[in-house]
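What's in input30.cif: mmCIF, C-alpha atoms (C1' of nucleotides)
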data_target
#
loop_
_atom_site.label_atom_id
_atom_site.label_comp_id
_atom_site.auth_asym_id
_atom_site.auth_seq_id
_atom_site.Cartn_x
_atom_site.Cartn_y
_atom_site.Cartn_z
CA MET A 1 17.07 13.42 -75.12
CA LYS A 2 17.63 11.08 -72.22
CA ARG A 3 17.00 13.90 -69.78
CA PHE A 4 13.75 14.67 -71.56
CA PHE A 5 12.53 11.14 -70.88
CA ILE A 6 13.58 11.31 -67.26
CA LYS A 7 12.00 14.68 -66.74
CA ASN A 8 8.69 13.69 -68.27
CA LYS A 9 8.68 10.13 -66.97
CA GLU A 10 5.34 10.44 -65.26
CA THR A 11 3.68 12.12 -68.24
CA ILE A 12 4.98 9.54 -70.70
CA LEU A 13 3.91 6.74 -68.41
CA TYR A 14 0.47 8.25 -68.23
CA GLY A 15 0.30 8.43 -72.06
CA LEU A 16 1.43 4.87 -72.50
CA THR A 17 -1.09 3.67 -69.95
CA LEU A 18 -3.86 5.47 -71.79
CA ALA A 19 -2.76 3.92 -75.07
CA ALA A 20 -2.73 0.46 -73.51
CA LEU A 21 -6.16 1.07 -72.10
CA LEU A 22 -7.49 2.12 -75.50
CA PHE A 23 -6.40 -1.27 -76.82
CA LEU A 24 -8.14 -2.89 -73.90
CA LEU A 25 -11.23 -0.82 -74.61
CA LYS A 26 -11.32 -1.84 -78.27
CA TRP A 27 -11.00 -5.47 -77.26
CA LEU A 28 -13.70 -5.09 -74.60
CA GLU A 29 -15.90 -3.30 -77.16
CA LEU A 30 -15.70 -6.29 -79.45
CA ARG A 31 -16.54 -8.61 -76.61
CA PHE A 32 -19.33 -6.29 -75.61
CA ILE A 33 -20.91 -6.54 -79.04
CA ILE A 34 -20.33 -10.24 -79.46
CA ILE A 35 -21.12 -11.60 -76.04
CA ASP A 36 -23.59 -8.85 -75.17
CA TYR A 37 -22.16 -7.78 -71.80
CA SER A 38 -24.32 -5.26 -70.09
CA PHE A 39 -23.32 -1.66 -70.79
CA GLU A 40 -23.39 -0.80 -67.10
CA LEU A 41 -21.00 -3.59 -66.24
CA TYR A 42 -18.62 -2.35 -68.88
CA ILE A 43 -18.75 1.22 -67.59
CA GLY A 44 -18.35 -0.11 -64.06
CA ALA A 45 -15.18 -1.89 -65.07
CA ILE A 46 -13.81 1.26 -66.64
CA ALA A 47 -14.67 3.25 -63.56
CA MET A 48 -12.98 0.77 -61.25
CA LEU A 49 -9.95 0.62 -63.46
CA PHE A 50 -9.46 4.36 -63.61
CA THR A 51 -10.21 4.82 -59.95
CA ALA A 52 -7.38 2.39 -59.26
CA PHE A 53 -5.23 4.23 -61.77
CA GLY A 54 -5.98 7.55 -60.08
CA ILE A 55 -5.06 6.13 -56.69
CA TRP A 56 -1.85 4.74 -58.08
CA LEU A 57 -1.01 8.08 -59.67
CA ALA A 58 -1.71 10.00 -56.49
CA VAL A 59 0.41 7.65 -54.42
CA LYS A 60 3.22 8.02 -56.93
CA LEU A 61 3.11 11.78 -57.09
CA MET A 62 2.12 12.79 -53.60
CA ASN A 63 4.54 15.01 -51.71
CA PRO A 64 6.13 13.23 -48.78
CA LYS A 65 5.85 14.77 -45.33
CA THR A 66 9.25 15.66 -43.90
CA VAL A 67 10.10 15.17 -40.26
CA VAL A 68 13.24 16.84 -38.96
CA VAL A 69 14.96 14.85 -36.26
CA GLU A 70 17.66 16.64 -34.33
CA LYS A 71 20.78 14.61 -33.85
CA GLU A 72 23.13 15.78 -31.13
CA VAL A 73 26.78 15.95 -32.04
CA TYR A 74 29.24 16.63 -29.26
CA VAL A 75 32.18 18.83 -30.15
CA LYS A 76 34.95 20.20 -27.99
CA ASP A 77 36.31 23.16 -29.89
CA PHE A 78 34.68 25.69 -32.12
CA THR A 79 34.15 25.18 -35.82
CA LEU A 80 32.32 27.91 -37.68
CA ASN A 81 28.99 26.86 -39.12
CA GLU A 82 29.24 28.71 -42.42
CA GLU A 83 25.96 27.34 -43.68
CA GLU A 84 23.98 28.88 -40.82
CA LEU A 85 26.00 32.06 -41.07
CA ASN A 86 25.15 32.47 -44.74
CA LYS A 87 21.50 31.80 -44.06
CA LEU A 88 21.34 34.73 -41.64
CA ARG A 89 22.69 37.22 -44.23
CA LEU A 90 24.59 39.24 -41.63
CA SER A 91 26.80 41.96 -43.06
CA LYS A 92 30.49 42.12 -42.11
CA ARG A 93 29.89 44.99 -39.70
CA GLU A 94 26.88 43.33 -38.13
CA LEU A 95 28.91 40.20 -37.43
CA GLU A 96 31.63 42.32 -35.82
CA VAL A 97 29.08 43.95 -33.56
CA LEU A 98 27.62 40.56 -32.66
CA GLN A 99 31.06 39.25 -31.71
CA LEU A 100 31.72 42.22 -29.46
CA MET A 101 28.27 41.85 -27.93
CA ALA A 102 29.21 38.27 -27.07
CA GLU A 103 32.25 39.55 -25.21
CA GLY A 104 29.88 41.46 -22.96
CA LEU A 105 30.66 44.92 -24.28
CA SER A 106 28.07 47.70 -24.07
CA ASN A 107 27.01 49.56 -27.19
CA GLN A 108 29.11 52.49 -26.03
CA GLU A 109 32.18 50.28 -25.70
CA ILE A 110 31.58 48.69 -29.08
CA ALA A 111 31.28 52.16 -30.62
CA GLY A 112 34.64 53.08 -29.09
CA ARG A 113 36.23 49.86 -30.27
CA LEU A 114 35.06 50.34 -33.87
CA PHE A 115 35.60 54.13 -33.93
CA VAL A 116 32.02 54.94 -34.83
CA SER A 117 29.17 56.67 -33.00
CA LEU A 118 26.85 55.07 -30.46
CA ASN A 119 23.92 55.63 -32.84
CA THR A 120 25.64 53.61 -35.53
CA ILE A 121 26.09 50.68 -33.15
CA LYS A 122 22.45 50.95 -32.14
CA THR A 123 21.46 50.68 -35.78
CA HIS A 124 23.74 47.66 -36.29
CA SER A 125 22.62 45.92 -33.13
CA SER A 126 18.97 46.41 -34.04
CA LYS A 127 19.67 44.80 -37.42
CA VAL A 128 21.47 41.91 -35.74
CA LEU A 129 18.56 41.30 -33.38
CA GLU A 130 16.16 41.46 -36.30
CA LYS A 131 18.15 39.06 -38.47
CA LEU A 132 18.64 36.62 -35.61
CA ASP A 133 14.92 36.93 -34.84
CA VAL A 134 15.41 37.77 -31.16
CA GLU A 135 14.57 40.74 -28.92
CA ARG A 136 17.53 41.11 -26.59
CA ARG A 137 21.29 40.95 -26.99
CA THR A 138 21.60 38.12 -24.46
CA GLN A 139 19.29 36.07 -26.66
CA ALA A 140 21.27 37.03 -29.74
CA VAL A 141 24.51 35.85 -28.13
CA GLU A 142 22.92 32.63 -26.92
CA LYS A 143 21.49 31.84 -30.36
CA ALA A 144 24.69 32.75 -32.19
CA LYS A 145 26.69 30.47 -29.93
CA ARG A 146 24.16 27.69 -30.29
CA LEU A 147 24.34 27.95 -34.08
CA SER A 148 28.15 27.99 -33.90
CA ILE A 149 28.36 31.35 -35.60
CA ILE A 150 30.59 32.67 -32.84
CA PRO A 151 32.81 30.70 -30.38
CA MET B 1 -25.85 5.24 -34.80
CA LYS B 2 -24.17 8.60 -34.97
CA ARG B 3 -20.83 7.05 -34.22
CA PHE B 4 -21.41 4.54 -36.99
CA PHE B 5 -21.78 7.37 -39.49
CA ILE B 6 -18.66 9.09 -38.21
CA LYS B 7 -16.64 5.91 -38.22
CA ASN B 8 -17.62 4.95 -41.76
CA LYS B 9 -17.70 8.50 -43.08
CA GLU B 10 -15.26 7.81 -45.89
CA THR B 11 -16.98 4.58 -46.96
CA ILE B 12 -20.42 6.20 -46.98
CA LEU B 13 -19.04 9.14 -48.92
CA TYR B 14 -17.58 6.71 -51.43
CA GLY B 15 -20.95 4.96 -51.79
CA LEU B 16 -22.86 8.20 -52.22
CA THR B 17 -20.35 9.43 -54.78
CA LEU B 18 -20.77 6.21 -56.76
CA ALA B 19 -24.53 6.59 -56.64
CA ALA B 20 -24.28 10.15 -57.86
CA LEU B 21 -22.00 9.05 -60.64
CA LEU B 22 -24.46 6.34 -61.68
CA PHE B 23 -27.05 9.08 -62.14
CA LEU B 24 -24.55 11.05 -64.14
CA LEU B 25 -23.81 8.00 -66.24
CA LYS B 26 -27.46 7.39 -66.99
CA TRP B 27 -27.84 10.96 -68.02
CA LEU B 28 -24.74 10.81 -70.17
CA GLU B 29 -25.98 7.54 -71.68
CA LEU B 30 -29.15 9.25 -72.83
CA ARG B 31 -27.24 12.13 -74.31
CA PHE B 32 -24.95 9.61 -75.91
CA ILE B 33 -27.82 7.91 -77.66
CA ILE B 34 -29.64 11.06 -78.66
CA ILE B 35 -26.87 13.37 -79.77
CA ASP B 36 -24.60 10.60 -80.95
CA TYR B 37 -21.43 11.51 -79.13
CA SER B 38 -18.58 9.31 -80.12
CA PHE B 39 -18.19 6.26 -77.92
CA GLU B 40 -14.51 6.89 -77.31
CA LEU B 41 -15.13 10.42 -76.13
CA TYR B 42 -17.67 9.15 -73.67
CA ILE B 43 -15.27 6.51 -72.35
CA GLY B 44 -12.55 9.13 -72.19
CA ALA B 45 -14.73 11.34 -70.05
CA ILE B 46 -15.47 8.46 -67.71
CA ALA B 47 -11.79 7.61 -67.53
CA MET B 48 -10.81 11.19 -66.68
CA LEU B 49 -13.58 11.45 -64.12
CA PHE B 50 -12.61 8.31 -62.29
CA THR B 51 -8.92 9.07 -62.50
CA ALA B 52 -9.66 12.35 -60.76
CA PHE B 53 -11.88 10.53 -58.30
CA GLY B 54 -9.14 8.01 -57.60
CA ILE B 55 -6.64 10.77 -56.98
CA TRP B 56 -9.05 12.55 -54.68
CA LEU B 57 -9.72 9.32 -52.80
CA ALA B 58 -6.05 8.54 -52.40
CA VAL B 59 -5.22 12.03 -51.16
CA LYS B 60 -8.13 11.83 -48.71
CA LEU B 61 -7.32 8.45 -47.31
CA MET B 62 -3.61 8.06 -47.63
CA ASN B 63 -1.35 8.49 -44.66
CA PRO B 64 1.27 10.99 -45.74
CA LYS B 65 4.57 9.45 -46.58
CA THR B 66 7.11 10.59 -44.03
CA VAL B 67 10.72 11.30 -44.79
CA VAL B 68 13.00 11.62 -41.79
CA VAL B 69 15.68 14.26 -42.21
CA GLU B 70 18.40 14.20 -39.61
CA LYS B 71 19.63 17.63 -38.59
CA GLU B 72 22.89 17.80 -36.72
CA VAL B 73 22.85 19.98 -33.63
CA TYR B 74 26.23 20.80 -32.23
CA VAL B 75 26.43 20.62 -28.46
CA LYS B 76 29.51 21.64 -26.54
CA ASP B 77 30.38 19.37 -23.65
CA PHE B 78 30.36 20.89 -20.19
CA THR B 79 31.95 19.99 -16.87
CA LEU B 80 31.09 22.19 -13.92
CA ASN B 81 33.96 23.99 -12.26
CA GLU B 82 32.86 23.60 -8.65
CA GLU B 83 35.96 25.27 -7.28
CA GLU B 84 35.24 28.53 -9.08
CA LEU B 85 31.58 28.26 -8.24
CA ASN B 86 32.34 28.00 -4.51
CA LYS B 87 34.71 30.92 -4.69
CA LEU B 88 31.96 33.18 -5.99
CA ARG B 89 29.62 32.40 -3.07
CA LEU B 90 26.50 32.59 -5.24
CA SER B 91 23.31 31.56 -3.47
CA LYS B 92 21.09 28.87 -4.97
CA ARG B 93 18.59 31.43 -6.23
CA GLU B 94 21.28 33.66 -7.66
CA LEU B 95 22.70 30.76 -9.64
CA GLU B 96 19.25 29.99 -10.98
CA VAL B 97 18.84 33.58 -12.11
CA LEU B 98 22.27 33.51 -13.73
CA GLN B 99 21.38 30.36 -15.65
CA LEU B 100 18.16 31.87 -16.95
CA MET B 101 20.04 35.05 -17.87
CA ALA B 102 22.35 32.90 -19.94
CA GLU B 103 19.36 31.55 -21.83
CA GLY B 104 18.65 35.09 -22.93
CA LEU B 105 15.60 35.66 -20.75
CA SER B 106 14.66 39.17 -19.59
CA ASN B 107 14.20 39.92 -15.91
CA GLN B 108 10.46 39.94 -16.50
CA GLU B 109 10.59 36.47 -18.06
CA ILE B 110 12.80 35.11 -15.28
CA ALA B 111 10.34 36.49 -12.73
CA GLY B 112 7.55 34.63 -14.49
CA ARG B 113 9.57 31.44 -14.66
CA LEU B 114 10.41 31.47 -10.95
CA PHE B 115 6.98 32.75 -9.83
CA VAL B 116 8.37 35.82 -8.07
CA SER B 117 8.13 39.55 -8.71
CA LEU B 118 10.24 41.56 -11.14
CA ASN B 119 11.73 43.48 -8.21
CA THR B 120 12.98 40.28 -6.63
CA ILE B 121 14.76 39.30 -9.83
CA LYS B 122 16.28 42.76 -10.03
CA THR B 123 17.66 42.31 -6.55
CA HIS B 124 19.05 38.87 -7.40
CA SER B 125 20.54 39.99 -10.69
CA SER B 126 22.21 42.95 -9.02
CA LYS B 127 23.77 40.57 -6.50
CA VAL B 128 24.92 38.29 -9.31
CA LEU B 129 26.57 41.16 -11.16
CA GLU B 130 28.20 42.31 -7.96
CA LYS B 131 29.54 38.86 -7.04
CA LEU B 132 30.80 38.23 -10.54
CA ASP B 133 32.37 41.69 -10.52
CA VAL B 134 30.78 42.82 -13.77
CA GLU B 135 28.41 45.59 -14.78
CA ARG B 136 26.11 44.05 -17.40
CA ARG B 137 24.34 40.74 -17.77
CA THR B 138 26.06 39.97 -21.05
CA GLN B 139 29.38 40.23 -19.24
CA ALA B 140 28.07 38.08 -16.42
CA VAL B 141 27.05 35.36 -18.86
CA GLU B 142 30.35 35.57 -20.72
CA LYS B 143 32.36 35.31 -17.51
CA ALA B 144 30.24 32.50 -16.07
CA LYS B 145 30.67 30.50 -19.27
CA ARG B 146 34.38 31.21 -19.34
CA LEU B 147 34.71 29.96 -15.75
CA SER B 148 32.59 26.88 -16.60
CA ILE B 149 30.02 27.73 -14.01
CA ILE B 150 27.25 27.38 -16.57
CA PRO B 151 27.25 25.41 -19.86
"C1'" DC C 1 16.79 32.59 21.88
"C1'" DC C 2 19.49 35.49 19.11
"C1'" DC C 3 22.02 36.34 15.03
"C1'" DT C 4 22.77 35.83 10.21
"C1'" DA C 5 22.13 34.76 5.49
"C1'" DA C 6 18.76 34.15 2.10
"C1'" DA C 7 14.72 35.32 -0.20
"C1'" DT C 8 11.13 38.27 -1.03
"C1'" DC C 9 9.27 42.85 -2.41
"C1'" DA C 10 9.18 47.84 -2.69
"C1'" DT C 11 10.41 52.78 -4.23
"C1'" DC C 12 13.18 56.09 -6.54
"C1'" DC C 13 16.38 57.14 -9.70
"C1'" DT C 14 19.89 56.75 -13.63
"C1'" DT C 15 21.66 54.64 -17.53
"C1'" DA C 16 21.60 51.29 -21.23
"C1'" DA C 17 19.09 48.99 -24.65
"C1'" DG C 18 16.00 48.79 -28.16
"C1'" DT C 19 12.40 50.84 -31.83
"C1'" DA C 20 11.15 53.79 -35.58
"C1'" DT C 21 12.34 56.70 -39.05
"C1'" DG C 22 14.95 59.41 -42.15
"C1'" DA C 23 18.94 60.89 -44.57
"C1'" DG C 24 23.37 61.01 -47.00
"C1'" DG C 25 27.53 58.82 -49.11
"C1'" DG C 26 29.79 54.93 -51.46
"C1'" DG C 27 30.49 50.81 -53.94
"C1'" DA C 28 29.07 46.95 -56.77
"C1'" DA C 29 26.06 44.89 -59.91
"C1'" DA C 30 22.51 45.13 -63.51
"C1'" DT D 1 23.49 55.21 -65.14
"C1'" DT D 2 20.42 53.58 -62.08
"C1'" DT D 3 19.36 50.47 -58.46
"C1'" DC D 4 20.33 48.27 -54.29
"C1'" DC D 5 22.67 47.32 -50.18
"C1'" DC D 6 25.88 48.75 -46.64
"C1'" DC D 7 27.59 51.97 -43.50
"C1'" DT D 8 27.18 55.95 -41.25
"C1'" DC D 9 24.74 59.27 -38.14
"C1'" DA D 10 20.83 61.66 -36.13
"C1'" DT D 11 16.45 62.55 -33.45
"C1'" DA D 12 12.81 61.08 -30.62
"C1'" DC D 13 10.76 57.86 -28.06
"C1'" DT D 14 9.74 53.54 -25.08
"C1'" DT D 15 11.21 49.87 -22.37
"C1'" DA D 16 14.64 47.17 -19.87
"C1'" DA D 17 18.48 47.05 -16.91
"C1'" DG D 18 20.97 48.41 -13.14
"C1'" DG D 19 22.04 50.95 -8.53
"C1'" DA D 20 20.90 52.32 -3.82
"C1'" DT D 21 18.40 51.52 0.03
"C1'" DG D 22 15.22 49.60 3.26
"C1'" DA D 23 11.63 46.33 5.05
"C1'" DT D 24 9.82 41.71 6.11
"C1'" DT D 25 9.95 36.82 6.66
"C1'" DT D 26 12.06 32.40 7.26
"C1'" DA D 27 15.44 28.76 8.09
"C1'" DG D 28 19.68 27.31 10.43
"C1'" DG D 29 23.73 27.60 13.58
"C1'" DG D 30 25.82 28.96 17.85
#

Now that the file is in, can you turn its structure into structure tokens?
Amino acid sequence: MKRFFIKNKETILYGLTLAALLFLLKWLELRFIIIDYSFELYIGAIAMLFTAFGIWLAVKLMNPKTVVVEKEVYVKDFTLNEEELNKLRLSKRELEVLQLMAEGLSNQEIAGRLFVSLNTIKTHSSKVLEKLDVERRTQAVEKAKRLSIIP
Amino acid sequence: MKRFFIKNKETILYGLTLAALLFLLKWLELRFIIIDYSFELYIGAIAMLFTAFGIWLAVKLMNPKTVVVEKEVYVKDFTLNEEELNKLRLSKRELEVLQLMAEGLSNQEIAGRLFVSLNTIKTHSSKVLEKLDVERRTQAVEKAKRLSIIP
DNA sequence: CCCTAAATCATCCTTAAGTATGAGGGGAAA
DNA sequence: TTTCCCCTCATACTTAAGGATGATTTAGGG
């Protein structure tokens, strides 16, 4: 119940405002008849009022622009950035290949180390480059280190 | 004169819109009298119209709200190991090439960055690999980082 | 002035890296 | 059971990297 109110806060507020305005209208209508205000003036007032209301509503609801400010944090030793690692969606094998790449091993050497064929490592390394959004292994290593995915 | 129009574009637009709406109102007024639309419905339409107008105006004119999000960037601290660097006897240019290698640049990109030909960079990089006693650039970068010759 | 190291560029060649695509097996989740 | 992802491997191809060698120019030290 409470959550319903919170969720629909803006809508309810809008409704209540309209209701309040209807009262105001009725009152103005009476005055309009009695004191003979000009119809145009009355409409003008309504227009002004709702223009203001629209502006208020837009200001309330408008999406804020986000500005990302990078804050440098100096660290001595390596702590795995799991958040970034999860974002990249690297498979276990792909991460292994990336780590061995970072040690400066060739694809052939990596294949030997993991007891699989050179072609398999080529497939993995291509996937790694793709997922890291780079074109060469040196870039991949640089980016992975920068993101603290590998030491 | 032209600049005046440009400068007050929004204000003029607002004025013209109001004028157009006055026409609309007059027209609606006639219909209101003739076909006997309910007064509340008419007011409601006006209210909706100007609410929308207000929203449009606000979106047009408002400076977007900015939200600053701080993103932490982890930077490892680096102190140059001059002793090791001297031992390697790398020339100034070779060190430059090594540094750009470490940033993940290709030989072609390094050539562009240093305003020399690809062949020149190939010569330099070969010398770097030789002096660092490695066979691939990934190894060179790994070793140079390990020896604290580059960050 | 001569010698040397550095920097530049070139050619020719080999090997490694990377791209594209397909295919088959296996395991986990729907 | 079917679907989906991972891992494996293969073929064929293009591009980048690396090795060997030689030439030219320029700046600095003896």

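Using all atoms listed in the file for every distance, the candidate list C:DT14, C:DT19, C:DT8, C:DA29 yields C:DT8 as the residue closest to chain B.
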
Find the residues in chain B near chain C: any atom within 10 Å counts, using only C-alpha atoms (C1' of nucleotides). Write them as a list in words. Ser91, Lys92, Arg93, Val116, Ser117, Leu118, Asn119, Thr120, Ile121, Thr123, His124 and Arg136 of chain B

If the cut-off is 8 Å, can you tell me the residues of chain A near chain B, counting all atoms listed in the file? I'd like them as a ChimeraX atom specification. /A:43,46-48,50-59,62-77,101-106,136-142,146-148

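The two atoms in question, atom C1' of DT8 of chain D and atom CA of Pro151 of chain A, are spaced 28.1 Å apart.
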
Can you report as lines of an AutoDock Vina configuration file the centre and edge lengths in Å, to one decimal, of an axis-aligned box around the listed atoms of segment 8-23 of chain C padded with 3 Å on each side?
center_x = 15.4
center_y = 49.6
center_z = -22.8
size_x = 18.5
size_y = 28.6
size_z = 49.5

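Picture a line from atom C1' of DT21 of chain D to atom CA of Leu98 of chain B; it runs 23.0 Å.
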
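Atom pair atom CA of Ala111 of chain B / atom CA of Ala144 of chain B: separated by 20.6 Å.
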
Just need the residues of chain D within 9 Å of chain B, counting only C-alpha atoms (C1' of nucleotides), so spit them out as a list in words. DA16, DA17, DG18 and DG19 of chain D

Find the residues near segment 86-88 of chain A: any atom within 10 Å, counting only C-alpha atoms (C1' of nucleotides), skip ones fewer than 6 places away on the same chain, and give them as a count of residues only. 5

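Distance annotation: of A:Leu114, A:Glu82, A:Lys127, A:Glu109, the residue with the minimal separation from Glu96 of chain A is A:Leu114; atom set is only C-alpha atoms.
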
Take the structure in the block and write a file for segment 121-134 of chain B, N, CA, C and O atoms, as a short mmCIF file (atom, residue, chain, number, x, y, z; two decimals), in the first residue's frame.
data_model
loop_
_atom_site.label_atom_id
_atom_site.label_comp_id
_atom_site.auth_asym_id
_atom_site.auth_seq_id
_atom_site.Cartn_x
_atom_site.Cartn_y
_atom_site.Cartn_z
N ILE B 121 60.62 1.88 -37.64
CA ILE B 121 60.11 1.32 -36.37
C ILE B 121 60.46 -0.15 -36.27
O ILE B 121 60.79 -0.66 -35.19
N LYS B 122 60.41 -0.84 -37.40
CA LYS B 122 60.78 -2.26 -37.39
C LYS B 122 62.23 -2.43 -36.95
O LYS B 122 62.54 -3.33 -36.17
N THR B 123 63.08 -1.55 -37.47
CA THR B 123 64.49 -1.60 -37.09
C THR B 123 64.63 -1.36 -35.58
O THR B 123 65.28 -2.12 -34.87
N HIS B 124 63.99 -0.30 -35.11
CA HIS B 124 64.06 0.03 -33.68
C HIS B 124 63.53 -1.11 -32.82
O HIS B 124 64.15 -1.50 -31.83
N SER B 125 62.37 -1.64 -33.22
CA SER B 125 61.76 -2.67 -32.37
C SER B 125 62.62 -3.94 -32.34
O SER B 125 62.73 -4.60 -31.31
N SER B 126 63.26 -4.24 -33.47
CA SER B 126 64.16 -5.38 -33.50
C SER B 126 65.32 -5.18 -32.51
O SER B 126 65.69 -6.09 -31.77
N LYS B 127 65.84 -3.95 -32.50
CA LYS B 127 66.93 -3.62 -31.58
C LYS B 127 66.47 -3.75 -30.14
O LYS B 127 67.21 -4.25 -29.27
N VAL B 128 65.26 -3.28 -29.88
CA VAL B 128 64.70 -3.35 -28.52
C VAL B 128 64.60 -4.80 -28.06
O VAL B 128 65.02 -5.16 -26.96
N LEU B 129 64.04 -5.65 -28.95
CA LEU B 129 63.89 -7.06 -28.61
C LEU B 129 65.25 -7.69 -28.35
O LEU B 129 65.42 -8.46 -27.40
N GLU B 130 66.19 -7.32 -29.19
CA GLU B 130 67.55 -7.86 -29.06
C GLU B 130 68.17 -7.45 -27.71
O GLU B 130 68.67 -8.29 -26.96
N LYS B 131 68.09 -6.16 -27.41
CA LYS B 131 68.70 -5.65 -26.18
C LYS B 131 68.01 -6.17 -24.92
O LYS B 131 68.63 -6.33 -23.88
N LEU B 132 66.73 -6.40 -25.03
CA LEU B 132 66.00 -6.93 -23.88
C LEU B 132 66.11 -8.46 -23.83
O LEU B 132 65.62 -9.09 -22.88
N ASP B 133 66.71 -9.03 -24.85
CA ASP B 133 66.90 -10.48 -24.93
C ASP B 133 65.58 -11.23 -24.90
O ASP B 133 65.39 -12.17 -24.12
N VAL B 134 64.66 -10.79 -25.73
CA VAL B 134 63.37 -11.47 -25.87
C VAL B 134 63.06 -11.64 -27.35
O VAL B 134 63.80 -11.15 -28.21
#
